[in-house]
Amino acid sequence: MPGTIWNFGDIFDTVGAHHGPGQPALIHGERVIDWPQMTQRSNNVARALRAHGAETGDKVGFYMRNQPEYMEGFAACAKARLTHVNVNYRYLDDELVYIFDNSDSVAAFYDAEFRGHVERVRARLPGVKTWIEVGGDGDTPDFALAYESLAGEGDGAPLDLERSGDDLMFLYTGGTTGMPKGVMWPHKVWREANTEALVQIYGAAPANMEEHLAFVDEIGQHGRQLPACPLMHGTGLFTALGALLNGGAVVTLEGKAKFDPVELWGAVERHGVTAMAIVGDAFAKPMLKVLDEAPGQYDLSSVQSITSSGVMWSMEVKRGLIRHMPQVALNDSFGASEAVGFGMSTTTAEGVFETAKFTIGSNCKVFSEDGREIQPGSDEPGFIARGGAVPLGYYKDEEKTARTFRTINGERYAVPGDWCSVAHDGTLTLLGRGSICINSGGEKIYPEEVEEALKEHPGVRDALVVGLPDERWGQAVTAVVEPAGANAPDEATLVAFVRGRLAHYKAPKRVLFRESLGRAPNGKADYKAIREFALSELGQHA
């Protein structure tokens with residue numbers, strides 16, 4: 001038994017051997033995969049990946065919605081010493097090609113639902129040697145392997161591999177500018193950050209595998225984590241990964257078309273869900289609406305916590321949820337794909353914090369632009385920086401890595417670009433991103449990408465895109481267009497035009513028109529002025 005607990009594959013092997021039949025690992029509707037089954041199946045998939053040419057350190061794309069095969073495939077990659085690459089299932093062809101190509105993926109899991117997309121792009125991706133189809137009706141295409149066949153073939157024995165805490169998982173993030181970037185997370189770094197969180201919650205954390213198994217028996221195996229948000233995003237993946245590594249179970253919803261709060265509360269009651277991960281009011285408001293319409297209909301006594309990350313979660317909605325679950329702790333987690341643990345705000349029936357206020361993480365500091373540490377209570381704004389358990393940087397992008405992962409006063413920090421002020425007691429108040437990135441319902445959207453799509457229309461001379469406050473989504477993508485000539489396209493036409501070129505969530509919620517966008521002579525855009533114009537036109541306030 002390994003003495004340390006830094007490699008995911010080693011942990012999955014050890015917990016899998018420890019748990020007996022009937023201990024659930026993955027739950028999806030009425031389908032339950034217990035730990036012995038998940039262990040055997042993931043071992044078989046891991047061995048199959050290597051048999052088809054994948055070698056230590058190779059990348060594997062995950063092009064799936066939430067389902068058991070996502071986390072089972074993740075475990076398989078960890079056991080085979082392969083690197084997980086998350087793929088946004090909303091992407092269209094060019095976006096898919098970029099992710100698979102940029103990540104150097106040699107294999108990919110994809111849901112049968114997306115077969116048409118894969119068929120269109122695979123000729124452009126010669127580096128992906130192995131396509132593995134999940135689901136379907138047994139009619140797997142000639143170019144792909146059937147996931148279920150791989151999972152069921154073999155003796156399910158552990159792989160004879162010596163693993164390392166330096167093995168990687170990738171988390172592709174929208175970032176603030178440019179195309180998505182792959183954050184390189186060594187297993188040992190993620191585990192260190194996770195251990196810090198356990199210390200905060202329980203006062204101590206396992207230091208070796210024997211202690212970890214004791215933690216699994218006492219606490220971890222009882223966890224039932226439901227990621228309501230996508231596993232292909234950090235919030236969903238990280239919360240699910242923590243639950244599974246600690247010997248608990250991950251519960252996923254069956255609905256594919258859209259988030260269904262009725263299905264969620266039914267799953268909570270049926271499976272005794274203890275924790276959930278959401279993304280702000282876009283999830284919380286529909287959840288509360290269902291409970292308000294039918295109070296007492298669901299048994300919610302198992303729910304201990306709900307965690308949101310990525311956008312603000314309004315206090316009114318939190319109080320509403322606590323009315324139905326007085327025992328619950330509602331956590332706003334302040335983190336990023338580039339680092340976790342910047343801060344936490346917890347709301348319970350006994351006490352609440354103001355929206356946007358966080359207790360600063362133990363390894364975090366706030367700095368001015370010239371590298372001075374901001375003194376608490378000074379009212380001086382600064383950027384939050386996370387030291388300690390910090391990823392390696394962005395895959396194949398040294399320039400952006402240098403900008404985000406910075407050495408300040410001799411220590412390396414992750415600096416995602418969030419600005420805040422610090423109170424005397426160390427409480428953080430978020431002030432916003434120091435960039436023009438739009439965060440809509442947890443999705444990061446780069447204005448430049450939407451602008452370029454709009455400018456492909458012959459009736460558009462120029463376009464700028466900003467994020468405006470939105471009650472449900474946090475920010476709404478809003479375009480301001482400079483028409484080309486007298487016959488300008490209307491708003492609906494341009495929204496549909498963008499939807500034909502980019503993932504639908506990137507399309508503007510509103511399109512406004514202006515005779516001139518007021519660019520400087522060097523072409524630089526005045527986003528502040530454009531945002532003020534859009535707010536005025538729509539009768540909103542900043």
# chains A, B, ... in the order shown; residues from 1 in each chain; ligands from 1
>>> residues_around(residues="A:Phe100", least_positions_apart="2", cutoff="12 Å", atoms="only C-alpha atoms", output="PyMOL selection string")
chain A and resi 59-63+84-88+91+93-98+102-110+118+121-122+124-129+131+172+180-182
>>> write_last_selection(atoms="N, CA and C atoms", output="short mmCIF file (atom, residue, chain, number, x, y, z; two decimals), in the first residue's frame")
data_model
loop_
_atom_site.label_atom_id
_atom_site.label_comp_id
_atom_site.auth_asym_id
_atom_site.auth_seq_id
_atom_site.Cartn_x
_atom_site.Cartn_y
_atom_site.Cartn_z
N LYS A 59 -3.08 12.33 -23.59
CA LYS A 59 -4.30 13.05 -23.26
C LYS A 59 -5.52 12.33 -23.82
N VAL A 60 -6.62 12.38 -23.06
CA VAL A 60 -7.87 11.74 -23.46
C VAL A 60 -9.00 12.75 -23.29
N GLY A 61 -9.74 13.02 -24.38
CA GLY A 61 -10.84 13.97 -24.33
C GLY A 61 -12.10 13.34 -23.76
N PHE A 62 -12.87 14.15 -23.01
CA PHE A 62 -14.14 13.71 -22.42
C PHE A 62 -15.24 14.59 -22.99
N TYR A 63 -15.95 14.08 -23.99
CA TYR A 63 -16.98 14.82 -24.72
C TYR A 63 -18.33 14.22 -24.35
N HIS A 84 -6.83 13.51 -18.27
CA HIS A 84 -8.20 13.92 -18.58
C HIS A 84 -8.21 15.30 -19.25
N VAL A 85 -9.01 15.44 -20.32
CA VAL A 85 -9.22 16.72 -21.00
C VAL A 85 -10.73 16.95 -21.10
N ASN A 86 -11.24 17.98 -20.44
CA ASN A 86 -12.67 18.27 -20.51
C ASN A 86 -13.01 18.98 -21.81
N VAL A 87 -14.11 18.57 -22.43
CA VAL A 87 -14.57 19.15 -23.69
C VAL A 87 -15.99 19.67 -23.48
N ASN A 88 -16.21 20.93 -23.76
CA ASN A 88 -17.53 21.53 -23.59
C ASN A 88 -18.48 20.94 -24.63
N TYR A 91 -19.94 22.95 -27.66
CA TYR A 91 -19.10 23.45 -28.75
C TYR A 91 -19.58 22.95 -30.11
N ASP A 93 -18.28 22.66 -34.41
CA ASP A 93 -17.18 21.92 -35.05
C ASP A 93 -15.81 22.56 -34.85
N ASP A 94 -15.66 23.85 -35.19
CA ASP A 94 -14.33 24.47 -35.11
C ASP A 94 -13.83 24.51 -33.67
N GLU A 95 -14.75 24.71 -32.72
CA GLU A 95 -14.37 24.75 -31.31
C GLU A 95 -13.91 23.37 -30.84
N LEU A 96 -14.60 22.33 -31.31
CA LEU A 96 -14.20 20.97 -30.96
C LEU A 96 -12.82 20.65 -31.49
N VAL A 97 -12.58 21.00 -32.75
CA VAL A 97 -11.28 20.73 -33.36
C VAL A 97 -10.18 21.43 -32.57
N TYR A 98 -10.44 22.66 -32.16
CA TYR A 98 -9.42 23.41 -31.40
C TYR A 98 -9.06 22.67 -30.12
N ASN A 102 -5.47 21.24 -29.65
CA ASN A 102 -4.62 21.97 -28.72
C ASN A 102 -4.15 21.09 -27.58
N SER A 103 -5.00 20.17 -27.15
CA SER A 103 -4.65 19.30 -26.02
C SER A 103 -3.80 18.11 -26.42
N ASP A 104 -3.64 17.89 -27.73
CA ASP A 104 -2.91 16.71 -28.24
C ASP A 104 -3.56 15.41 -27.79
N SER A 105 -4.88 15.39 -27.75
CA SER A 105 -5.59 14.18 -27.35
C SER A 105 -5.32 13.05 -28.33
N VAL A 106 -5.04 11.85 -27.80
CA VAL A 106 -4.83 10.67 -28.64
C VAL A 106 -6.05 9.76 -28.61
N ALA A 107 -6.95 9.99 -27.66
CA ALA A 107 -8.17 9.20 -27.55
C ALA A 107 -9.28 10.11 -27.04
N ALA A 108 -10.52 9.68 -27.23
CA ALA A 108 -11.64 10.50 -26.79
C ALA A 108 -12.84 9.63 -26.48
N PHE A 109 -13.46 9.89 -25.33
CA PHE A 109 -14.78 9.36 -25.03
C PHE A 109 -15.80 10.36 -25.55
N TYR A 110 -16.84 9.88 -26.24
CA TYR A 110 -17.89 10.80 -26.66
C TYR A 110 -19.23 10.10 -26.52
N VAL A 118 -18.81 14.28 -34.13
CA VAL A 118 -17.54 13.56 -34.26
C VAL A 118 -17.30 13.14 -35.70
N VAL A 121 -15.87 16.07 -37.66
CA VAL A 121 -14.57 16.67 -37.32
C VAL A 121 -13.42 15.67 -37.27
N ARG A 122 -13.70 14.38 -37.22
CA ARG A 122 -12.62 13.44 -36.95
C ARG A 122 -11.55 13.42 -38.04
N ARG A 124 -10.37 15.92 -39.42
CA ARG A 124 -9.50 17.06 -39.14
C ARG A 124 -8.64 16.82 -37.90
N LEU A 125 -8.79 15.66 -37.28
CA LEU A 125 -8.09 15.36 -36.03
C LEU A 125 -7.33 14.04 -36.15
N PRO A 126 -6.31 14.00 -36.99
CA PRO A 126 -5.57 12.75 -37.17
C PRO A 126 -4.86 12.29 -35.90
N GLY A 127 -4.63 13.20 -34.95
CA GLY A 127 -3.95 12.82 -33.72
C GLY A 127 -4.80 11.96 -32.80
N VAL A 128 -6.13 12.04 -32.93
CA VAL A 128 -7.02 11.22 -32.11
C VAL A 128 -7.12 9.85 -32.76
N LYS A 129 -6.41 8.89 -32.22
CA LYS A 129 -6.34 7.55 -32.81
C LYS A 129 -7.50 6.66 -32.38
N TRP A 131 -11.46 6.59 -30.89
CA TRP A 131 -12.73 7.19 -30.50
C TRP A 131 -13.55 6.13 -29.79
N TYR A 172 -9.66 22.56 -19.02
CA TYR A 172 -9.69 23.67 -19.97
C TYR A 172 -10.66 24.73 -19.49
N PRO A 180 -9.75 28.91 -25.31
CA PRO A 180 -9.62 28.17 -24.04
C PRO A 180 -8.20 27.67 -23.81
N LYS A 181 -7.82 27.61 -22.54
CA LYS A 181 -6.47 27.20 -22.15
C LYS A 181 -6.57 26.02 -21.18
N GLY A 182 -5.67 25.08 -21.32
CA GLY A 182 -5.68 23.90 -20.48
C GLY A 182 -4.83 24.08 -19.24
#
>>> residues_around(residues="stretch 376-385 of chain A", least_positions_apart="3", cutoff="10 Å", atoms="only C-alpha atoms", output="number ranges by chain")
A: 339, 342-343, 360-361, 363-373, 404-406, 408, 412-434
>>> closest_residue(among="A:Ala282, A:Ile27, A:Ala275, A:Ile322", to="A:Glu443", atoms="only C-alpha atoms")
A:Ala282
>>> closest_residue(among="A:Glu293, A:Glu263, A:Glu119, A:Glu491", to="A:Val251", atoms="only C-alpha atoms")
A:Glu263
>>> atom_distance(atom1="atom CA of A:Trp265", atom2="atom CA of A:Gly73")
26.5 Å
>>> select_by_dssp(residues="stretch 104-298 of chain A", states="alpha helix (DSSP H)", output="ChimeraX atom specification")
/A:115-121,147-152,187-202,209-218,234-245,261-271,281-293
>>> write_last_selection(atoms="C-alpha atoms", output="tab-separated table (two decimals), in the first residue's frame")
chain	number	residue	atom	x	y	z
A	115	ARG	CA	-21.82	11.12	-33.02
A	116	GLY	CA	-22.76	13.50	-35.82
A	117	HIS	CA	-20.33	16.12	-34.55
A	118	VAL	CA	-17.54	13.56	-34.26
A	119	GLU	CA	-18.19	12.26	-37.76
A	120	ARG	CA	-17.80	15.78	-39.14
A	121	VAL	CA	-14.57	16.67	-37.32
A	147	TYR	CA	-17.43	1.87	-24.24
A	148	GLU	CA	-19.63	-0.80	-22.70
A	149	SER	CA	-17.71	-3.53	-24.52
A	150	LEU	CA	-14.41	-2.19	-23.20
A	151	ALA	CA	-15.76	-1.94	-19.66
A	152	GLY	CA	-17.05	-5.52	-19.75
A	187	HIS	CA	-2.55	15.01	-8.88
A	188	LYS	CA	-0.43	15.89	-5.86
A	189	VAL	CA	-1.22	19.61	-6.17
A	190	TRP	CA	-4.97	19.03	-6.40
A	191	ARG	CA	-4.82	16.62	-3.47
A	192	GLU	CA	-2.88	19.15	-1.42
A	193	ALA	CA	-5.56	21.78	-2.07
A	194	ASN	CA	-8.27	19.24	-1.23
A	195	THR	CA	-6.44	18.34	1.98
A	196	GLU	CA	-6.42	22.00	3.01
A	197	ALA	CA	-10.20	22.04	2.61
A	198	LEU	CA	-10.57	18.90	4.75
A	199	VAL	CA	-8.48	20.51	7.49
A	200	GLN	CA	-10.76	23.57	7.44
A	201	ILE	CA	-13.88	21.41	7.68
A	202	TYR	CA	-12.78	18.60	10.02
A	209	MET	CA	-3.40	5.75	2.83
A	210	GLU	CA	-4.18	3.95	6.09
A	211	GLU	CA	-5.50	7.18	7.59
A	212	HIS	CA	-7.39	7.83	4.37
A	213	LEU	CA	-9.22	4.52	4.61
A	214	ALA	CA	-10.12	5.34	8.22
A	215	PHE	CA	-11.54	8.65	6.96
A	216	VAL	CA	-13.48	6.78	4.25
A	217	ASP	CA	-15.01	4.46	6.84
A	218	GLU	CA	-15.94	7.21	9.27
A	234	GLY	CA	-14.43	22.67	-12.75
A	235	THR	CA	-17.19	23.09	-10.15
A	236	GLY	CA	-18.91	19.86	-11.14
A	237	LEU	CA	-15.74	17.85	-11.74
A	238	PHE	CA	-13.88	18.89	-8.60
A	239	THR	CA	-16.80	18.27	-6.24
A	240	ALA	CA	-17.53	14.88	-7.84
A	241	LEU	CA	-13.85	13.93	-7.76
A	242	GLY	CA	-13.58	14.79	-4.07
A	243	ALA	CA	-16.61	12.65	-3.23
A	244	LEU	CA	-15.37	9.66	-5.21
A	245	LEU	CA	-11.78	9.78	-3.92
A	261	PRO	CA	-35.20	20.88	-10.69
A	262	VAL	CA	-38.10	18.42	-10.26
A	263	GLU	CA	-35.79	15.56	-11.26
A	264	LEU	CA	-33.11	16.94	-8.94
A	265	TRP	CA	-35.32	16.99	-5.84
A	266	GLY	CA	-36.66	13.54	-6.71
A	267	ALA	CA	-33.09	12.22	-6.90
A	268	VAL	CA	-32.21	13.90	-3.60
A	269	GLU	CA	-35.07	12.11	-1.85
A	270	ARG	CA	-34.58	8.74	-3.58
A	271	HIS	CA	-30.82	8.48	-3.12
A	281	ASP	CA	-29.07	31.59	-9.22
A	282	ALA	CA	-29.34	30.00	-12.68
A	283	PHE	CA	-29.75	26.73	-10.76
A	284	ALA	CA	-30.88	27.92	-7.34
A	285	LYS	CA	-33.92	29.95	-8.48
A	286	PRO	CA	-35.60	27.08	-10.35
A	287	MET	CA	-34.77	24.77	-7.42
A	288	LEU	CA	-36.43	27.15	-4.97
A	289	LYS	CA	-39.46	27.66	-7.22
A	290	VAL	CA	-40.22	23.93	-7.19
A	291	LEU	CA	-39.97	23.77	-3.39
A	292	ASP	CA	-42.12	26.87	-2.92
A	293	GLU	CA	-44.82	25.45	-5.20
>>> residues_around(residues="A:Lys509", least_positions_apart="2", cutoff="9 Å", atoms="only C-alpha atoms", output="list in words")
Ala476, Val477, Thr478, Ala479, Val495, Tyr505, Lys506, Ala507 and Val511 of chain A
>>> select_by_dssp(residues="stretch 162-206 of chain A", states="strand (DSSP E or B)", output="PyMOL selection string")
chain A and resi 168-173+181-186
>>> residues_around(residues="A:Phe513", least_positions_apart="3", cutoff="8 Å", atoms="only C-alpha atoms", output="ChimeraX atom specification")
/A:480-483
>>> write_last_selection(atoms="C-alpha atoms", output="compact mmCIF listing (two decimals), in the first residue's frame")
# COMPACT_ATOMS: atom_id res chain seq x y z
CA VAL A 480 -23.62 46.69 -29.77
CA VAL A 481 -23.45 46.68 -33.55
CA GLU A 482 -22.39 49.30 -36.07
CA PRO A 483 -24.46 48.58 -39.21
>>> atom_distance(atom1="atom CA of A:Ala76", atom2="atom CA of A:Val45")
5.8 Å
>>> atom_distance(atom1="atom CA of A:Ala349", atom2="atom CA of A:Leu330")
9.6 Å
>>> closest_residue(among="A:Thr140, A:Ser337, A:Asn43, A:Thr56", to="A:Ala112", atoms="only C-alpha atoms")
A:Thr140
>>> residues_around(residues="stretch 6-23 of chain A", least_positions_apart="5", cutoff="7 Å", atoms="only C-alpha atoms", output="JSON, numbers by chain")
{"A": [34, 35, 36, 39, 75, 78, 79, 158, 163, 164, 165, 187, 188, 191, 245, 247]}
>>> closest_residue(among="A:Met38, A:Ala488, A:Ala336, A:Ala453", to="A:Ala157", atoms="only C-alpha atoms")
A:Met38
>>> closest_residue(among="A:Ile445, A:Leu321, A:Ala80, A:Ile306", to="A:Arg47", atoms="only C-alpha atoms")
A:Ala80
>>> decode(residues="stretch 276-385 of chain A", atoms="C-alpha atoms", output="compact mmCIF listing (two decimals), in the first residue's frame")
# COMPACT_ATOMS: atom_id res chain seq x y z
CA MET A 276 -24.89 19.34 -4.32
CA ALA A 277 -22.87 21.56 -6.63
CA ILE A 278 -24.61 24.33 -8.58
CA VAL A 279 -23.71 27.56 -10.36
CA GLY A 280 -25.51 30.44 -8.67
CA ASP A 281 -29.07 31.59 -9.22
CA ALA A 282 -29.34 30.00 -12.68
CA PHE A 283 -29.75 26.73 -10.76
CA ALA A 284 -30.88 27.92 -7.34
CA LYS A 285 -33.92 29.95 -8.48
CA PRO A 286 -35.60 27.08 -10.35
CA MET A 287 -34.77 24.77 -7.42
CA LEU A 288 -36.43 27.15 -4.97
CA LYS A 289 -39.46 27.66 -7.22
CA VAL A 290 -40.22 23.93 -7.19
CA LEU A 291 -39.97 23.77 -3.39
CA ASP A 292 -42.12 26.87 -2.92
CA GLU A 293 -44.82 25.45 -5.20
CA ALA A 294 -44.94 22.15 -3.32
CA PRO A 295 -43.58 22.65 0.23
CA GLY A 296 -43.01 19.42 2.10
CA GLN A 297 -43.38 17.22 -0.99
CA TYR A 298 -39.79 15.98 -0.87
CA ASP A 299 -37.79 14.47 1.98
CA LEU A 300 -34.74 16.76 2.07
CA SER A 301 -33.41 15.70 5.46
CA SER A 302 -30.25 14.13 3.98
CA VAL A 303 -28.96 17.38 2.45
CA GLN A 304 -26.06 18.80 4.41
CA SER A 305 -24.59 21.32 1.98
CA ILE A 306 -25.03 23.02 -1.38
CA THR A 307 -21.97 24.65 -2.93
CA SER A 308 -21.96 27.24 -5.69
CA SER A 309 -18.96 28.55 -7.57
CA GLY A 310 -18.47 30.78 -10.57
CA VAL A 311 -21.18 33.43 -10.07
CA MET A 312 -22.86 35.26 -7.24
CA TRP A 313 -25.67 33.49 -5.39
CA SER A 314 -28.26 35.97 -4.11
CA MET A 315 -29.11 36.10 -0.43
CA GLU A 316 -32.86 36.12 -1.05
CA VAL A 317 -32.67 32.75 -2.78
CA LYS A 318 -30.38 31.32 -0.09
CA ARG A 319 -32.85 32.29 2.63
CA GLY A 320 -35.63 30.67 0.63
CA LEU A 321 -33.75 27.37 0.38
CA ILE A 322 -32.98 27.43 4.11
CA ARG A 323 -36.72 27.74 4.82
CA HIS A 324 -37.16 24.31 3.25
CA MET A 325 -33.89 22.84 4.59
CA PRO A 326 -33.07 24.49 7.93
CA GLN A 327 -30.19 22.05 8.47
CA VAL A 328 -28.34 22.95 5.25
CA ALA A 329 -25.11 24.94 4.85
CA LEU A 330 -25.02 27.01 1.66
CA ASN A 331 -21.48 27.65 0.49
CA ASP A 332 -20.26 30.25 -1.99
CA SER A 333 -16.86 28.98 -3.09
CA PHE A 334 -14.46 31.55 -4.48
CA GLY A 335 -12.12 29.76 -6.85
CA ALA A 336 -11.08 29.38 -10.47
CA SER A 337 -9.87 26.75 -12.90
CA GLU A 338 -6.37 28.03 -12.13
CA ALA A 339 -6.66 27.55 -8.36
CA VAL A 340 -9.13 26.65 -5.63
CA GLY A 341 -9.58 27.87 -2.10
CA PHE A 342 -9.43 31.65 -2.56
CA GLY A 343 -12.27 32.07 -0.12
CA MET A 344 -15.54 30.74 1.20
CA SER A 345 -18.80 32.28 2.36
CA THR A 346 -21.22 30.06 4.27
CA THR A 347 -24.86 30.79 4.99
CA THR A 348 -26.88 28.77 7.51
CA ALA A 349 -30.08 29.23 9.47
CA GLU A 350 -27.96 30.64 12.33
CA GLY A 351 -26.02 33.20 10.37
CA VAL A 352 -25.46 34.78 6.98
CA PHE A 353 -22.82 36.74 5.16
CA GLU A 354 -23.42 39.49 2.65
CA THR A 355 -23.34 38.59 -1.02
CA ALA A 356 -19.82 38.90 -2.50
CA LYS A 357 -18.12 38.71 0.92
CA PHE A 358 -15.75 35.81 1.60
CA THR A 359 -13.46 34.57 4.33
CA ILE A 360 -10.03 34.56 2.73
CA GLY A 361 -8.27 31.22 2.17
CA SER A 362 -5.30 30.29 4.34
CA ASN A 363 -2.77 30.51 1.48
CA CYS A 364 -4.17 33.64 -0.15
CA LYS A 365 -3.08 37.25 -0.14
CA VAL A 366 -4.22 40.45 -1.81
CA PHE A 367 -1.67 42.56 -3.69
CA SER A 368 -1.54 45.91 -5.42
CA GLU A 369 -0.44 46.11 -9.05
CA ASP A 370 3.11 46.94 -7.96
CA GLY A 371 3.34 43.85 -5.72
CA ARG A 372 2.60 45.40 -2.32
CA GLU A 373 0.51 43.31 0.05
CA ILE A 374 -2.75 45.14 0.76
CA GLN A 375 -3.28 45.78 4.44
CA PRO A 376 -6.69 44.73 5.82
CA GLY A 377 -9.00 47.64 6.44
CA SER A 378 -7.12 49.99 4.10
CA ASP A 379 -9.98 50.17 1.55
CA GLU A 380 -7.35 49.91 -1.18
CA PRO A 381 -8.44 47.52 -3.98
CA GLY A 382 -6.10 44.75 -5.02
CA PHE A 383 -5.99 41.41 -6.80
CA ILE A 384 -6.38 38.10 -5.02
CA ALA A 385 -3.48 35.66 -5.28
